[in-house]
Structure formats: structure tokens, C-alpha cells
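Okay, query_25.cif now, which holds mmCIF, C-alpha atoms and all ligand atoms:
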```cif
data_coords
#
loop_
_atom_site.label_atom_id
_atom_site.label_comp_id
_atom_site.auth_asym_id
_atom_site.auth_seq_id
_atom_site.Cartn_x
_atom_site.Cartn_y
_atom_site.Cartn_z
CA MET D 1 201.63 139.74 -112.03
CA LYS D 2 205.23 138.89 -112.89
CA PRO D 3 206.29 135.22 -112.59
CA SER D 4 207.72 134.39 -109.17
CA ILE D 5 208.74 131.47 -106.95
CA GLU D 6 208.12 131.11 -103.21
CA SER D 7 208.59 128.43 -100.56
CA VAL D 8 205.32 126.93 -99.38
CA ASP D 9 204.04 124.21 -97.12
CA PHE D 10 202.18 121.56 -99.12
CA ASN D 11 200.24 119.15 -96.91
CA GLY D 12 202.90 119.59 -94.24
CA LEU D 13 205.89 119.09 -96.55
CA PRO D 14 208.29 121.72 -97.89
CA ALA D 15 207.65 122.72 -101.48
CA TRP D 16 207.95 125.62 -103.90
CA ARG D 17 205.16 127.32 -105.71
CA LEU D 18 205.91 128.70 -109.15
CA ASP D 19 203.60 131.44 -110.38
CA GLY D 20 203.87 131.81 -114.10
CA PRO D 21 202.41 134.10 -116.73
CA ARG D 22 198.65 134.68 -117.00
CA GLY D 23 197.90 132.96 -113.69
CA ALA D 24 199.52 129.59 -114.48
CA SER D 25 201.07 127.88 -111.45
CA ALA D 26 202.90 124.75 -110.38
CA VAL D 27 204.08 123.23 -107.11
CA ILE D 28 207.21 121.11 -106.75
CA GLY D 29 207.99 119.27 -103.53
CA GLN D 30 211.36 118.85 -101.89
CA MET D 31 210.74 115.14 -101.41
CA GLY D 32 211.44 113.45 -104.69
CA ALA D 33 211.50 116.74 -106.67
CA GLN D 34 207.94 115.69 -107.40
CA THR D 35 205.70 118.10 -109.27
CA LEU D 36 202.48 118.06 -107.24
CA SER D 37 200.27 120.51 -109.08
CA TRP D 38 200.08 122.25 -112.43
CA ARG D 39 197.32 124.75 -113.13
CA THR D 40 196.82 126.41 -116.48
CA PRO D 41 195.52 130.00 -116.83
CA ASP D 42 191.93 128.70 -117.04
CA GLY D 43 192.34 127.59 -113.39
CA ARG D 44 192.19 123.92 -114.33
CA GLU D 45 194.38 121.46 -112.42
CA ARG D 46 196.10 119.25 -114.98
CA LEU D 47 197.79 116.69 -112.73
CA TYR D 48 196.09 114.03 -110.67
CA LEU D 49 196.98 113.93 -106.99
CA SER D 50 195.16 111.37 -104.90
CA GLU D 51 193.03 112.72 -102.03
CA ARG D 52 194.45 109.83 -100.03
CA ALA D 53 198.08 110.46 -100.93
CA ILE D 54 200.37 110.05 -97.92
CA PHE D 55 202.42 113.09 -96.91
CA ASP D 56 204.54 111.61 -94.12
CA GLY D 57 207.86 112.48 -95.75
CA ASN D 58 208.74 108.82 -96.25
CA ALA D 59 206.12 107.05 -98.34
CA PRO D 60 205.97 107.77 -102.08
CA ILE D 61 203.28 110.36 -102.88
CA ARG D 62 200.50 109.04 -105.14
CA GLY D 63 200.11 111.45 -108.01
CA GLY D 64 201.77 114.43 -109.64
CA ILE D 65 205.00 113.58 -111.42
CA PRO D 66 207.21 111.20 -109.42
CA VAL D 67 210.80 110.80 -110.63
CA CYS D 68 211.73 107.13 -110.99
CA PHE D 69 215.47 106.37 -110.92
CA PRO D 70 217.68 104.29 -111.16
CA GLN D 71 215.08 101.60 -111.69
CA PHE D 72 211.76 101.73 -113.44
CA GLY D 73 209.00 99.73 -111.73
CA ALA D 74 210.03 96.35 -110.43
CA LEU D 75 212.51 95.72 -113.25
CA GLY D 76 215.36 94.92 -110.83
CA ALA D 77 216.28 94.36 -107.21
CA LEU D 78 215.93 97.96 -106.00
CA PRO D 79 212.82 99.38 -104.30
CA LYS D 80 210.02 99.80 -106.85
CA HIS D 81 210.71 102.81 -109.09
CA GLY D 82 214.12 103.28 -107.45
CA PHE D 83 214.92 105.57 -104.56
CA LEU D 84 214.87 109.17 -105.79
CA ARG D 85 211.16 109.67 -105.30
CA THR D 86 211.47 109.53 -101.52
CA ARG D 87 214.74 111.46 -101.14
CA GLN D 88 215.03 115.04 -99.95
CA TRP D 89 216.39 117.07 -102.85
CA SER D 90 218.03 120.51 -102.58
CA PRO D 91 217.14 123.66 -104.48
CA ALA D 92 219.89 124.37 -107.01
CA ALA D 93 218.57 127.20 -109.22
CA ARG D 94 215.53 129.38 -109.72
CA ARG D 95 214.90 131.93 -112.41
CA CYS D 96 211.94 133.95 -113.59
CA GLY D 97 211.43 135.90 -116.79
CA ASP D 98 208.41 137.74 -118.16
CA ASP D 99 206.96 134.53 -119.57
CA TYR D 100 208.37 131.71 -117.43
CA ALA D 101 209.36 130.51 -113.98
CA LEU D 102 212.00 127.80 -113.65
CA MET D 103 213.23 125.81 -110.68
CA THR D 104 215.97 123.16 -110.47
CA LEU D 105 216.37 120.70 -107.62
CA GLU D 106 219.34 118.38 -107.24
CA THR D 107 220.44 115.30 -105.36
CA ALA D 108 223.45 113.01 -105.36
CA ASP D 109 224.64 109.69 -104.02
CA ASP D 110 225.41 109.29 -100.34
CA GLU D 111 225.90 106.38 -97.97
CA ALA D 112 222.20 105.47 -98.06
CA THR D 113 222.01 105.33 -101.87
CA ARG D 114 225.34 103.50 -102.16
CA ARG D 115 224.07 100.80 -99.81
CA LEU D 116 221.30 100.13 -102.35
CA TRP D 117 223.15 100.98 -105.56
CA PRO D 118 226.93 101.37 -105.44
CA HIS D 119 227.31 104.16 -108.02
CA PRO D 120 228.29 107.83 -107.60
CA PHE D 121 225.81 110.06 -109.45
CA ARG D 122 224.22 113.49 -109.48
CA ALA D 123 220.64 114.08 -110.58
CA GLU D 124 218.92 117.37 -111.40
CA LEU D 125 215.27 117.92 -112.09
CA THR D 126 214.24 121.17 -113.73
CA LEU D 127 210.64 122.30 -113.91
CA MET D 128 209.92 125.14 -116.32
CA LEU D 129 206.47 126.69 -116.22
CA GLU D 130 205.10 128.80 -119.05
CA ALA D 131 201.54 129.97 -119.65
CA ASP D 132 200.14 126.79 -121.15
CA ARG D 133 203.07 124.43 -120.85
CA ILE D 134 205.44 122.71 -118.48
CA ASP D 135 208.76 121.09 -119.30
CA LEU D 136 210.37 118.63 -116.93
CA GLU D 137 213.95 117.73 -117.52
CA LEU D 138 215.87 115.05 -115.66
CA CYS D 139 219.65 115.22 -115.94
CA VAL D 140 221.76 112.38 -114.59
CA ALA D 141 225.55 112.58 -114.34
CA ASN D 142 227.90 109.72 -113.68
CA THR D 143 230.32 111.27 -111.18
CA GLY D 144 232.23 108.04 -110.59
CA ASP D 145 235.02 106.37 -112.53
CA ALA D 146 233.13 103.34 -113.87
CA PRO D 147 230.11 103.06 -116.16
CA PHE D 148 226.63 102.40 -114.74
CA ALA D 149 223.27 101.51 -116.26
CA PHE D 150 219.82 102.68 -115.17
CA THR D 151 216.18 102.69 -116.10
CA GLY D 152 213.77 105.42 -115.05
CA ALA D 153 210.77 107.57 -115.81
CA LEU D 154 208.83 110.73 -115.21
CA HIS D 155 205.74 108.95 -113.91
CA THR D 156 203.21 111.62 -114.91
CA TYR D 157 199.67 111.30 -113.49
CA LEU D 158 197.38 113.32 -115.76
CA ARG D 159 194.01 114.43 -114.41
CA VAL D 160 190.96 113.61 -116.49
CA ILE D 161 187.31 114.16 -115.74
CA GLN D 162 186.35 110.63 -116.69
CA VAL D 163 188.98 108.27 -118.07
CA GLU D 164 186.38 106.25 -120.00
CA ASP D 165 185.81 109.37 -122.13
CA ALA D 166 189.50 110.01 -122.78
CA ALA D 167 191.47 108.94 -125.85
CA LEU D 168 195.21 108.91 -126.33
CA GLU D 169 196.57 109.37 -129.84
CA GLY D 170 200.09 108.84 -131.14
CA LEU D 171 200.87 105.27 -130.17
CA TYR D 172 199.42 103.57 -133.22
CA GLY D 173 201.74 100.98 -134.80
CA HIS D 174 204.12 100.81 -131.83
CA ASP D 175 205.01 97.61 -130.02
CA TYR D 176 204.30 97.52 -126.32
CA ARG D 177 205.08 95.22 -123.45
CA ASP D 178 201.80 94.43 -121.81
CA ALA D 179 202.28 93.90 -118.07
CA GLY D 180 198.57 93.08 -117.85
CA ASN D 181 199.12 90.16 -120.19
CA GLY D 182 202.21 88.45 -118.74
CA GLY D 183 204.62 90.85 -120.47
CA ARG D 184 203.54 89.85 -123.98
CA ILE D 185 204.81 92.09 -126.78
CA THR D 186 201.83 93.34 -128.77
CA ARG D 187 201.52 95.85 -131.63
CA ASP D 188 199.10 98.71 -131.07
CA SER D 189 196.61 98.67 -133.88
CA GLY D 190 194.02 101.31 -133.01
CA PRO D 191 194.28 104.94 -134.12
CA GLU D 192 193.60 105.97 -130.53
CA LEU D 193 193.92 104.24 -127.21
CA LEU D 194 190.72 104.08 -125.21
CA VAL D 195 190.66 103.09 -121.55
CA ASP D 196 188.04 100.48 -120.81
CA GLY D 197 189.91 98.25 -118.39
CA PRO D 198 193.24 98.03 -116.55
CA LEU D 199 196.22 99.20 -118.60
CA ASP D 200 199.90 98.78 -117.85
CA ARG D 201 201.91 99.09 -121.04
CA ILE D 202 205.44 100.06 -121.99
CA TYR D 203 205.42 101.38 -125.56
CA HIS D 204 208.82 101.02 -127.20
CA ASP D 205 210.77 103.64 -129.14
CA VAL D 206 208.05 106.23 -129.42
CA ARG D 207 209.16 109.18 -131.54
CA ARG D 208 205.84 110.87 -132.14
CA PRO D 209 204.11 113.16 -129.65
CA GLN D 210 200.90 111.99 -128.04
CA LEU D 211 197.63 113.83 -127.77
CA LEU D 212 195.37 113.18 -124.81
CA LYS D 213 191.83 114.11 -125.77
CA ALA D 214 189.69 114.46 -122.68
CA GLY D 215 186.45 116.30 -123.34
CA ASN D 216 187.37 119.71 -124.68
CA HIS D 217 190.57 119.83 -122.63
CA SER D 218 193.29 118.30 -124.73
CA LEU D 219 196.92 117.96 -123.81
CA GLY D 220 199.95 117.50 -126.05
CA ILE D 221 202.63 115.22 -124.60
CA GLN D 222 206.14 115.01 -125.97
CA SER D 223 209.37 113.52 -124.75
CA GLN D 224 213.03 113.68 -125.65
CA GLY D 225 215.77 111.37 -124.44
CA PHE D 226 213.25 108.93 -122.97
CA PRO D 227 212.65 106.31 -125.68
CA ASP D 228 209.57 104.68 -124.16
CA VAL D 229 206.08 105.77 -123.14
CA VAL D 230 204.30 104.00 -120.30
CA VAL D 231 200.51 104.14 -120.07
CA TRP D 232 198.96 103.04 -116.78
CA ASN D 233 195.50 102.96 -115.30
CA PRO D 234 194.75 100.50 -112.49
CA TRP D 235 190.97 100.44 -113.17
CA VAL D 236 188.48 99.52 -110.45
CA GLU D 237 190.03 96.47 -108.79
CA GLY D 238 193.63 97.64 -109.14
CA CYS D 239 192.66 100.96 -107.56
CA ALA D 240 190.84 99.22 -104.70
CA ALA D 241 194.10 97.44 -103.88
CA LEU D 242 195.94 100.77 -103.48
CA PRO D 243 195.31 102.13 -99.97
CA ASP D 244 196.42 105.62 -101.01
CA MET D 245 193.77 105.93 -103.74
CA PRO D 246 190.07 106.68 -103.22
CA PRO D 247 187.69 104.09 -104.74
CA ASP D 248 186.97 106.27 -107.81
CA GLY D 249 190.57 107.49 -108.21
CA TRP D 250 191.14 105.31 -111.29
CA ARG D 251 188.49 107.32 -113.13
CA ARG D 252 190.22 110.67 -112.57
CA MET D 253 193.70 109.77 -113.82
CA LEU D 254 195.75 108.39 -116.63
CA CYS D 255 199.50 107.99 -116.33
CA VAL D 256 201.36 108.82 -119.53
CA GLU D 257 205.00 108.49 -118.59
CA ALA D 258 208.23 109.36 -120.34
CA ALA D 259 210.40 106.33 -119.63
CA ALA D 260 213.64 104.54 -120.33
CA ALA D 261 212.40 101.10 -119.39
CA ARG D 262 212.93 98.49 -122.08
CA GLN D 263 216.64 99.08 -122.56
CA PRO D 264 218.76 100.36 -119.65
CA VAL D 265 220.71 103.55 -120.39
CA THR D 266 224.46 103.12 -119.92
CA LEU D 267 226.40 106.16 -118.74
CA GLU D 268 230.17 106.16 -118.97
CA ALA D 269 232.26 107.76 -116.21
CA GLY D 270 231.92 111.54 -116.41
CA GLU D 271 229.01 111.42 -118.86
CA GLU D 272 225.62 113.13 -118.55
CA TRP D 273 222.21 112.07 -119.82
CA TYR D 274 219.10 114.20 -120.29
CA GLY D 275 215.47 113.20 -120.61
CA ARG D 276 212.56 115.59 -120.94
CA GLN D 277 208.79 115.52 -120.97
CA THR D 278 206.75 118.47 -122.24
CA LEU D 279 203.03 118.91 -121.54
CA VAL D 280 201.12 121.54 -123.49
CA ALA D 281 197.50 122.47 -122.79
CA LEU D 282 195.71 122.92 -126.12
O1 LIG G 301 204.27 102.92 -114.38
C1 LIG G 301 203.30 101.95 -114.15
C2 LIG G 301 203.63 101.21 -112.89
O2 LIG G 301 204.90 100.65 -112.94
C3 LIG G 301 202.51 100.20 -112.66
O3 LIG G 301 202.93 98.88 -112.83
C4 LIG G 301 201.97 100.55 -111.29
O4 LIG G 301 202.30 99.68 -110.32
C5 LIG G 301 202.45 101.97 -111.09
O5 LIG G 301 203.64 102.12 -111.78
C6 LIG G 301 202.48 102.56 -109.70
O6 LIG G 301 203.55 102.15 -108.93
P1 LIG G 301 203.65 102.56 -107.41
O7 LIG G 301 204.89 101.89 -106.88
O8 LIG G 301 203.78 104.05 -107.38
O9 LIG G 301 202.40 102.06 -106.76
#
```
In C-alpha cells, what does this structure look like?
Amino acid sequence: MKPSIESVDFNGLPAWRLDGPRGASAVIGQMGAQTLSWRTPDGRERLYLSERAIFDGNAPIRGGIPVCFPQFGALGALPKHGFLRTRQWSPAARRCGDDYALMTLETADDEATRRLWPHPFRAELTLMLEADRIDLELCVANTGDAPFAFTGALHTYLRVIQVEDAALEGLYGHDYRDAGNGGRITRDSGPELLVDGPLDRIYHDVRRPQLLKAGNHSLGIQSQGFPDVVVWNPWVEGCAALPDMPPDGWRRMLCVEAAAARQPVTLEAGEEWYGRQTLVAL
């Protein structure tokens, strides 16, 4: 079957389904331009989406790949993770070739965003699906006549069978801000990161790719433009405090996020910025 893109209903919300080569597929929602599913040709779902995620068109959706902008987390006065993840985006481009399907959604400032954040901007999110790989690219343009600064992330929820058996390579030797330890800056000193408790870390200036080893289903993770990598797992108690997660949800996910969090990005008037995260099934 040739790659194609069609409009679908996803838990009652408008979305697009991308069918890629060799049976790969992805779903991207209109709300938040959030990638909600990515299946590789082996039929395996690679993203975690909570069974208790809320699809009311207003609340952030727990799982997939939320787009956080213009604020990462609670690092400022805006709503947590900014306001793009709950906005309705518009389709801007779609293209299919023999070995890919690509969809771009866009959004821009309006009265509602300017009430929260007074800057004119345009944002585009492009999802490109290939057989064993997805690329997500966020492009932000400053359409005003004064500079602005932002933080943000592609808040990727990766699905794992059992997080205690997973290991993340590639962060060795990097400093991270440990939100679980009062924001202390710590240097990672293990060749691989194992998850055996709550994790909420911002790794700084990561230039190497990461490798998530989860059973015999490994995933390569690479980013460009985003200097930081955030690793998050709420573990048992943290998960219990999240009403939109099932009690064992923590076990099925690990967030490995491409982020610009430590240092805000400054965009001059008329300038554009790009950040990309690539996931490759190995
Ligand atoms: O990226 C990690 C993080 O900032 C954590 O601190 C955690 O709260 C998570 O994001 C989820 O945030 P949310 O607002 O979606 O519940």
C-alpha cells in the first residue's frame, strides 16, 4: 500500500492518520498537534498513551508527544508547559512519497495567547513518518517587531513493557538538574540510566544520541536544536497522584524529551528557530 493521510476521529477528537511504508502508521491530533500513536511495521505501538487520558478538547492529553511552548514545565508564570498543547492547530501541508508520509500543522498568536503572553508568533509542527522512524520538527517564528524568549519541549512519552527493565544510554557525564532533589545540579556517572524510582531530570547540553534499550525493542533518540534532554517517570506515588493515569501507568512509560529548558531561546524579530526529535526503531 502506498503511504497516505486521512482525517480520522480519535477518541472523539479530530486527528489525522498517516499510513507509511511497510504498514507503519502514526496519528496526530488537531488539539496541540500532539502525536498520539506511532506504530512500526512489526505492529508495535511505540508511544505511551494513558488509558485514562482525557479527550474533552480542553484538558492536556496524557501521553503521545505533547508540544510544550512557550514555557517548559512550571519554569515561569504561564500555564504548565505553556499553552500550545491545548490549542486547536490547523493543517498546513501534507505530502506522501513512496517511503514517507508527512503532515504539518500550524498555529499562531491570537487574542487568547496575547492575554497570556504578549508576543506575535507562528508555530509549525511537522511529523514525518518513515518505515522505522519518525521525525518531529517544531518551527517557531517571531512575527512581531521585538525579540522574545521561550522555553519548550517535545514531551515524548515512550512506551515500554516494564520500565524497571529499561536502560537509557547516552547521558553519561552530563550535568542534570534534578527536580526530585530540590533542583540540585548533579553529574550523571553511570554508563546507562536505570529507572528504579521517580525521575525528573533536565540533562544539559546533550549532543550525543540516546539509546533506549527495552527488552529486544530498542529505540534510537536524537535531537537537533533542542539543547537539553528531559527524562521523567513519576513512579508509583507520583502516578497515583495523576488522575489521568492508571495505577500501573508509570511502569509502561518513560518520557525522553527534547527540550530547551535550562536556557531560554531568544528569537529576534523576524527570526525562525527549529528544533527536532528523531525516533528510530532498531
Ligand atoms: O517533563 C517533565 C515534567 O515537567 C514533570 O515535572 C511532570 O510534571 C511532567 O512534565 C508532566 O507534566 P503535566 O503538566 O503534563 O502533568
Set out as JSON lines a contact list for chain D and ligand LIG 301 (chain G) with a cut-off of 10 Å, giving each residue of chain D that qualifies its closest atom pair and distance in Å to one decimal, counting only C-alpha atoms and all ligand atoms, ordered by chain and rising residue number.
```
{"residue": "D:Ala59", "atom": "CA", "partner": "G:LIG301", "partner_atom": "O8", "distance": 9.8}
{"residue": "D:Pro60", "atom": "CA", "partner": "G:LIG301", "partner_atom": "O8", "distance": 6.8}
{"residue": "D:Ile61", "atom": "CA", "partner": "G:LIG301", "partner_atom": "O8", "distance": 7.8}
{"residue": "D:Arg62", "atom": "CA", "partner": "G:LIG301", "partner_atom": "O8", "distance": 6.4}
{"residue": "D:Gly63", "atom": "CA", "partner": "G:LIG301", "partner_atom": "O8", "distance": 8.3}
{"residue": "D:Pro66", "atom": "CA", "partner": "G:LIG301", "partner_atom": "O8", "distance": 8.2}
{"residue": "D:Cys68", "atom": "CA", "partner": "G:LIG301", "partner_atom": "O1", "distance": 9.2}
{"residue": "D:Phe72", "atom": "CA", "partner": "G:LIG301", "partner_atom": "O2", "distance": 7.0}
{"residue": "D:Gly73", "atom": "CA", "partner": "G:LIG301", "partner_atom": "O2", "distance": 4.4}
{"residue": "D:Ala74", "atom": "CA", "partner": "G:LIG301", "partner_atom": "O2", "distance": 7.1}
{"residue": "D:Leu75", "atom": "CA", "partner": "G:LIG301", "partner_atom": "O2", "distance": 9.1}
{"residue": "D:Pro79", "atom": "CA", "partner": "G:LIG301", "partner_atom": "O7", "distance": 8.7}
{"residue": "D:Lys80", "atom": "CA", "partner": "G:LIG301", "partner_atom": "O7", "distance": 5.5}
{"residue": "D:His81", "atom": "CA", "partner": "G:LIG301", "partner_atom": "O7", "distance": 6.3}
{"residue": "D:Gly82", "atom": "CA", "partner": "G:LIG301", "partner_atom": "O7", "distance": 9.4}
{"residue": "D:Arg85", "atom": "CA", "partner": "G:LIG301", "partner_atom": "O8", "distance": 9.5}
{"residue": "D:Gly152", "atom": "CA", "partner": "G:LIG301", "partner_atom": "O1", "distance": 9.8}
{"residue": "D:Ala153", "atom": "CA", "partner": "G:LIG301", "partner_atom": "O1", "distance": 8.1}
{"residue": "D:Leu154", "atom": "CA", "partner": "G:LIG301", "partner_atom": "O1", "distance": 9.1}
{"residue": "D:His155", "atom": "CA", "partner": "G:LIG301", "partner_atom": "O1", "distance": 6.2}
{"residue": "D:Thr156", "atom": "CA", "partner": "G:LIG301", "partner_atom": "O1", "distance": 8.8}
{"residue": "D:Tyr157", "atom": "CA", "partner": "G:LIG301", "partner_atom": "O1", "distance": 9.6}
{"residue": "D:Ala179", "atom": "CA", "partner": "G:LIG301", "partner_atom": "O3", "distance": 7.3}
{"residue": "D:Gly180", "atom": "CA", "partner": "G:LIG301", "partner_atom": "O3", "distance": 8.8}
{"residue": "D:Leu199", "atom": "CA", "partner": "G:LIG301", "partner_atom": "C3", "distance": 8.7}
{"residue": "D:Asp200", "atom": "CA", "partner": "G:LIG301", "partner_atom": "O3", "distance": 5.9}
{"residue": "D:Arg201", "atom": "CA", "partner": "G:LIG301", "partner_atom": "C1", "distance": 7.6}
{"residue": "D:Ile202", "atom": "CA", "partner": "G:LIG301", "partner_atom": "O1", "distance": 8.2}
{"residue": "D:Val229", "atom": "CA", "partner": "G:LIG301", "partner_atom": "O1", "distance": 9.4}
{"residue": "D:Val230", "atom": "CA", "partner": "G:LIG301", "partner_atom": "O1", "distance": 6.0}
{"residue": "D:Val231", "atom": "CA", "partner": "G:LIG301", "partner_atom": "C1", "distance": 6.9}
{"residue": "D:Trp232", "atom": "CA", "partner": "G:LIG301", "partner_atom": "C1", "distance": 5.2}
{"residue": "D:Asn233", "atom": "CA", "partner": "G:LIG301", "partner_atom": "C1", "distance": 7.9}
{"residue": "D:Pro234", "atom": "CA", "partner": "G:LIG301", "partner_atom": "C4", "distance": 7.3}
{"residue": "D:Gly238", "atom": "CA", "partner": "G:LIG301", "partner_atom": "O4", "distance": 9.0}
{"residue": "D:Cys239", "atom": "CA", "partner": "G:LIG301", "partner_atom": "O9", "distance": 9.8}
{"residue": "D:Ala241", "atom": "CA", "partner": "G:LIG301", "partner_atom": "O9", "distance": 9.9}
{"residue": "D:Leu242", "atom": "CA", "partner": "G:LIG301", "partner_atom": "O9", "distance": 7.4}
{"residue": "D:Pro243", "atom": "CA", "partner": "G:LIG301", "partner_atom": "O9", "distance": 9.8}
{"residue": "D:Asp244", "atom": "CA", "partner": "G:LIG301", "partner_atom": "O9", "distance": 9.0}
{"residue": "D:Met245", "atom": "CA", "partner": "G:LIG301", "partner_atom": "O9", "distance": 9.9}
{"residue": "D:Cys255", "atom": "CA", "partner": "G:LIG301", "partner_atom": "O1", "distance": 7.2}
{"residue": "D:Val256", "atom": "CA", "partner": "G:LIG301", "partner_atom": "O1", "distance": 8.4}
{"residue": "D:Glu257", "atom": "CA", "partner": "G:LIG301", "partner_atom": "O1", "distance": 7.0}
{"residue": "D:Ala258", "atom": "CA", "partner": "G:LIG301", "partner_atom": "O1", "distance": 9.6}
{"residue": "D:Ala259", "atom": "CA", "partner": "G:LIG301", "partner_atom": "O1", "distance": 8.8}
{"residue": "D:Ala261", "atom": "CA", "partner": "G:LIG301", "partner_atom": "O1", "distance": 9.7}
```
So which one's closest to Gly249 (chain D), D:Glu192, D:Glu237, D:Asp99, D:Glu106? Using all atoms listed in the file, please.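 Under the stated criterion, the closest residue is D:Glu237.
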What separation in Å, quoted to one decimal, exists between CA of Ala269 (chain D) and CA of Asn142 (chain D)?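 Computed distance, CA of Ala269 (chain D) to CA of Asn142 (chain D), equals 5.4 Å.
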To one decimal place in Å, what is the distance between CA of Gly76 (chain D) and CA of Leu49 (chain D)?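 Between these atoms lies a distance of 26.7 Å.
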Region 215-273 of chain D near region 143-151 of chain D within 9 Å: what's each residue's closest atom pair and its distance in Å to one decimal, counting only C-alpha atoms, ordered by chain then ascending residue number, as a Markdown table?
```
| residue | atom | partner | partner_atom | distance |
| --- | --- | --- | --- | --- |
| D:Ala259 | CA | D:Thr151 | CA | 7.7 |
| D:Ala260 | CA | D:Thr151 | CA | 5.3 |
| D:Ala261 | CA | D:Thr151 | CA | 5.3 |
| D:Arg262 | CA | D:Thr151 | CA | 8.0 |
| D:Gln263 | CA | D:Thr151 | CA | 7.4 |
| D:Pro264 | CA | D:Thr151 | CA | 5.0 |
| D:Val265 | CA | D:Ala149 | CA | 5.3 |
| D:Thr266 | CA | D:Ala149 | CA | 4.2 |
| D:Leu267 | CA | D:Pro147 | CA | 5.5 |
| D:Glu268 | CA | D:Pro147 | CA | 4.2 |
| D:Ala269 | CA | D:Asp145 | CA | 4.8 |
| D:Gly270 | CA | D:Thr143 | CA | 5.5 |
| D:Glu271 | CA | D:Thr143 | CA | 7.8 |
| D:Glu272 | CA | D:Thr143 | CA | 8.9 |
```
Measuring atom to atom with only C-alpha atoms, identify which of D:Asp175, D:Asp109, D:Asp248, D:Glu45 is nearest to Trp235 (chain D).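 Nearest to Trp235 (chain D): D:Asp248.
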Could you pull the residues within 8 Å of Ala93 (chain D), counting only C-alpha atoms, minus those fewer than 4 positions along the same chain, as a CSV table (one decimal) with C-alpha atoms, keeping the file's coordinate frame?
```
chain,number,residue,atom,x,y,z
D,102,LEU,CA,212.0,127.8,-113.6
D,103,MET,CA,213.2,125.8,-110.7
D,104,THR,CA,216.0,123.2,-110.5
D,105,LEU,CA,216.4,120.7,-107.6
```
In Å, how far is it from CA of Asn58 (chain D) to CA of Trp16 (chain D)?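 Calculated distance between CA of Asn58 (chain D) and CA of Trp16 (chain D) is 18.5 Å.
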So which residues touch Asn11 (chain D) within 12 Å, counting all atoms listed in the file, skipping near sequence neighbours fewer than 6 positions away, as a PDB file with C-alpha atoms, in the coordinates of the input?
```pdb
ATOM      1  CA  VAL D  27     204.080 123.230-107.110  1.00  0.00           C
ATOM      2  CA  GLY D  29     207.990 119.270-103.530  1.00  0.00           C
ATOM      3  CA  LEU D  36     202.480 118.060-107.240  1.00  0.00           C
ATOM      4  CA  LEU D  49     196.980 113.930-106.990  1.00  0.00           C
ATOM      5  CA  GLU D  51     193.030 112.720-102.030  1.00  0.00           C
ATOM      6  CA  ARG D  52     194.450 109.830-100.030  1.00  0.00           C
ATOM      7  CA  ALA D  53     198.080 110.460-100.930  1.00  0.00           C
ATOM      8  CA  ILE D  54     200.370 110.050 -97.920  1.00  0.00           C
ATOM      9  CA  PHE D  55     202.420 113.090 -96.910  1.00  0.00           C
ATOM     10  CA  ASP D  56     204.540 111.610 -94.120  1.00  0.00           C
ATOM     11  CA  GLY D  57     207.860 112.480 -95.750  1.00  0.00           C
ATOM     12  CA  ILE D  61     203.280 110.360-102.880  1.00  0.00           C
TER      13      ILE D  61
END
```
Using only C-alpha atoms, which residue out of D:Asp9, D:Asp132, D:Asp196, D:Glu124 lies closest to Arg44 (chain D)? D:Asp132
Which residues come within 8 Å of Trp89 (chain D), counting only C-alpha atoms, excluding same-chain residues fewer than 5 positions away, as a CSV table (one decimal) with C-alpha atoms, keeping the file's coordinate frame?
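The resulting file, around_21.csv, is shown below:
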```csv
chain,number,residue,atom,x,y,z
D,30,GLN,CA,211.4,118.8,-101.9
D,31,MET,CA,210.7,115.1,-101.4
D,32,GLY,CA,211.4,113.4,-104.7
D,33,ALA,CA,211.5,116.7,-106.7
D,105,LEU,CA,216.4,120.7,-107.6
D,106,GLU,CA,219.3,118.4,-107.2
D,107,THR,CA,220.4,115.3,-105.4
```
Neighbour list for Leu168 (chain D) as an mmCIF file with C-alpha atoms, in the frame of the given file, cut-off 6 Å, all atoms listed in the file, skip fewer than 2 positions in-chain:
```
data_model
loop_
_atom_site.group_PDB
_atom_site.id
_atom_site.type_symbol
_atom_site.label_atom_id
_atom_site.label_comp_id
_atom_site.auth_asym_id
_atom_site.auth_seq_id
_atom_site.Cartn_x
_atom_site.Cartn_y
_atom_site.Cartn_z
ATOM 1 C CA GLU D 192 193.600 105.970 -130.530
ATOM 2 C CA LEU D 193 193.920 104.240 -127.210
ATOM 3 C CA LEU D 211 197.630 113.830 -127.770
ATOM 4 C CA LEU D 212 195.370 113.180 -124.810
#
```
